[in-house]
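A short write-up of the structure that comes next.
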Amino acid sequence: MRRCARSWARSSHFAPEVFNCDAPNTGNMEVLVRYGSPAQQEEWLVPLLEGRIRSGFAMTEPAVASSDATNIEARIERVKGGKGDEYLINGRKWWTSGAPDPRCKILIFMGKTDPDNPSRHNQQSMILVPMDTPGVTRVRAFSVFGYDHAPHGHGEVDFKDVRVPVSNILLGEGRGFEIAQGRLGPGRIHHCMRLIGMAERALELMCRRAIKRVAFHKPVADQGVTRERIANARMLIDQARLLTLNAAWKMDTAGNKLAKQEIAMIKVVAPNMACQVIDWAMQVHGAMGVCDDVFLADAYANSRTLRFADGPDEVHRNAIARQELGRYLDK
């Protein structure tokens, strides 16, 4: 329940940042809280919590299907450097959330420290990379359906012979996949909370527009199809809200690992729900719904993008089905 109190709404684009619970910073803070050393927390977590700096998360790569995190090819190699033991980092990341923000001072980077490990889930590590480290290059910022996703955005970042101290490793070599799972679980439910807020605002706009607009000699709100969509929107939003509350409750009481099915379910349900509700709201607004006079087009772009972010629908559905089937395999 505590999680749901953080950020129910994204009815305002800047609200998550105002309350310092925007992506990717919330997830990065949780990583530092759970897996960071005292020194790492002092240097990076404290200023993040105080909102003095921003951060980025560098996991996805352009050359591989990153929905399977074991595919990543970026390398983190331990070498002897001029200042003692260091890690040498090489690779290219994209859709690195937060990287284009000029206030971004630190990246959490995922790469392979042991590519020959027989366990594909023990090959990866995560490491802290300050943005001003030589060899880190912001290549470009991405737009999302033409929007820049301010204030943080997503970017492509090149890492060429980047050297950072050994002390920057998180938790230890080979623990990257474990950290990723621990980070993405809470991150997914944060997205779902914001999606519910967007859908609520879309429904409000739809109702207000339907009451005021007259077509064929009566308010649009009196059209049967409009009322059906309003009713369905309310049901879909409340269903998603209850699923999110249930996932949050299980995370708080049983832990993220035992709540993985509930997290996966809401990560599928919430973006699809928001896309549908926003689409209905756009339809009621007519041409206005697809321009920037109202927030609906931007909200739709955001909702549709979240069917990819933190794992695509297909991956989550597969995980849900696998866990459900597992209940009966030995029976």
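As shown in the structure tokens, the chain order sets the letters A, B, ...; within each chain, residues go from 1, and ligands are also counted from 1 in the order they appear.
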
Practice problem: Extract the full set of strand (DSSP E or B) residues from range 6-159 of chain A according to DSSP on the backbone, and format it as a PyMOL selection string. | Solution: chain A and resi 54-58+75-81+84-97+104-112+124-130+136-142+144+147+154-159

Quiz item: Do you know which residues are at most 10 Å from range 196-200 of chain A counting only C-alpha atoms, after dropping those on the same chain fewer than 3 positions away, and could you put them as a PyMOL selection string?
Solution: chain A and resi 7-13+191-193+203-206+233-234+236-238+240-241+244+270-271+273-279+281+295-296+299-300+302-303

Exercise. Tell me which protein, DNA and RNA residues are within 10 Å of range 91-98 of chain A, counting only C-alpha atoms, leaving out same-chain ones fewer than 5 positions away, and put them as a ChimeraX atom specification.
Key: /A:22-25,54-63,72-76,103-111,136-142,149-162,309

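Nearest to Pro118 in chain A of all the residues A:Asp85, A:Arg201, A:Thr70, A:Arg163 is A:Thr70, counting only C-alpha atoms.
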
Exercise. Would you list the contacts of range 36-41 of chain A as a ChimeraX atom specification, taking every protein, DNA or RNA residue within 12 Å and counting only C-alpha atoms, but skipping same-chain residues closer than 5 positions in sequence?
Key: /A:28-31,46-49,106,108,126-130,165-172,179

Please dump the current selection as a short mmCIF file (atom, residue, chain, number, x, y, z; two decimals), in the first residue's frame; keep C-alpha atoms.
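Okay, result-v1.cif is ready:
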data_model
loop_
_atom_site.label_atom_id
_atom_site.label_comp_id
_atom_site.auth_asym_id
_atom_site.auth_seq_id
_atom_site.Cartn_x
_atom_site.Cartn_y
_atom_site.Cartn_z
CA ASN A 28 17.70 3.95 -9.48
CA MET A 29 17.16 5.17 -5.94
CA GLU A 30 15.74 1.78 -4.99
CA VAL A 31 18.78 0.06 -6.53
CA VAL A 46 21.61 11.32 -1.09
CA PRO A 47 21.69 13.92 -3.89
CA LEU A 48 19.13 11.89 -5.84
CA LEU A 49 16.78 11.80 -2.87
CA ILE A 106 25.16 9.16 -12.93
CA ILE A 108 23.55 2.58 -13.84
CA MET A 126 25.82 -3.51 -12.93
CA ILE A 127 28.14 -0.62 -12.35
CA LEU A 128 27.90 3.10 -11.64
CA VAL A 129 29.22 5.33 -14.42
CA PRO A 130 29.37 9.11 -13.88
CA PRO A 165 37.00 2.49 -10.09
CA VAL A 166 36.39 -1.07 -8.95
CA SER A 167 34.42 0.41 -6.06
CA ASN A 168 31.70 1.46 -8.55
CA ILE A 169 30.47 -2.12 -9.03
CA LEU A 170 27.04 -2.78 -7.53
CA LEU A 171 26.70 -5.77 -5.18
CA GLY A 172 29.47 -7.71 -6.95
CA ILE A 179 19.70 -6.41 -9.51
#

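Residues in contact with Phe145 in chain A at 9 Å, where only C-alpha atoms are counted and same-chain residues fewer than 3 positions away are skipped, are listed as Asp148, Asp298, Ala301, Asn302 and Thr305 of chain A.
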
Practice problem: Provide the CA of Leu306 in chain A to CA of Ala15 in chain A distance in Å, to one decimal place. | Solution: 18.0 Å

Quiz item: Interatomic distance between CA of Val79 in chain A and CA of Asn117 in chain A?
Solution: 18.6 Å

Quiz item: How many Å lie between CA of Val144 in chain A and CA of Leu195 in chain A, rounded to one decimal?
Solution: 16.3 Å

Practice problem: Please report, as a PyMOL selection string, each residue of range 124-289 of chain A to which DSSP assigns alpha helix (DSSP H) when run on this structure's backbone. | Solution: chain A and resi 176-212+224-254+260-285
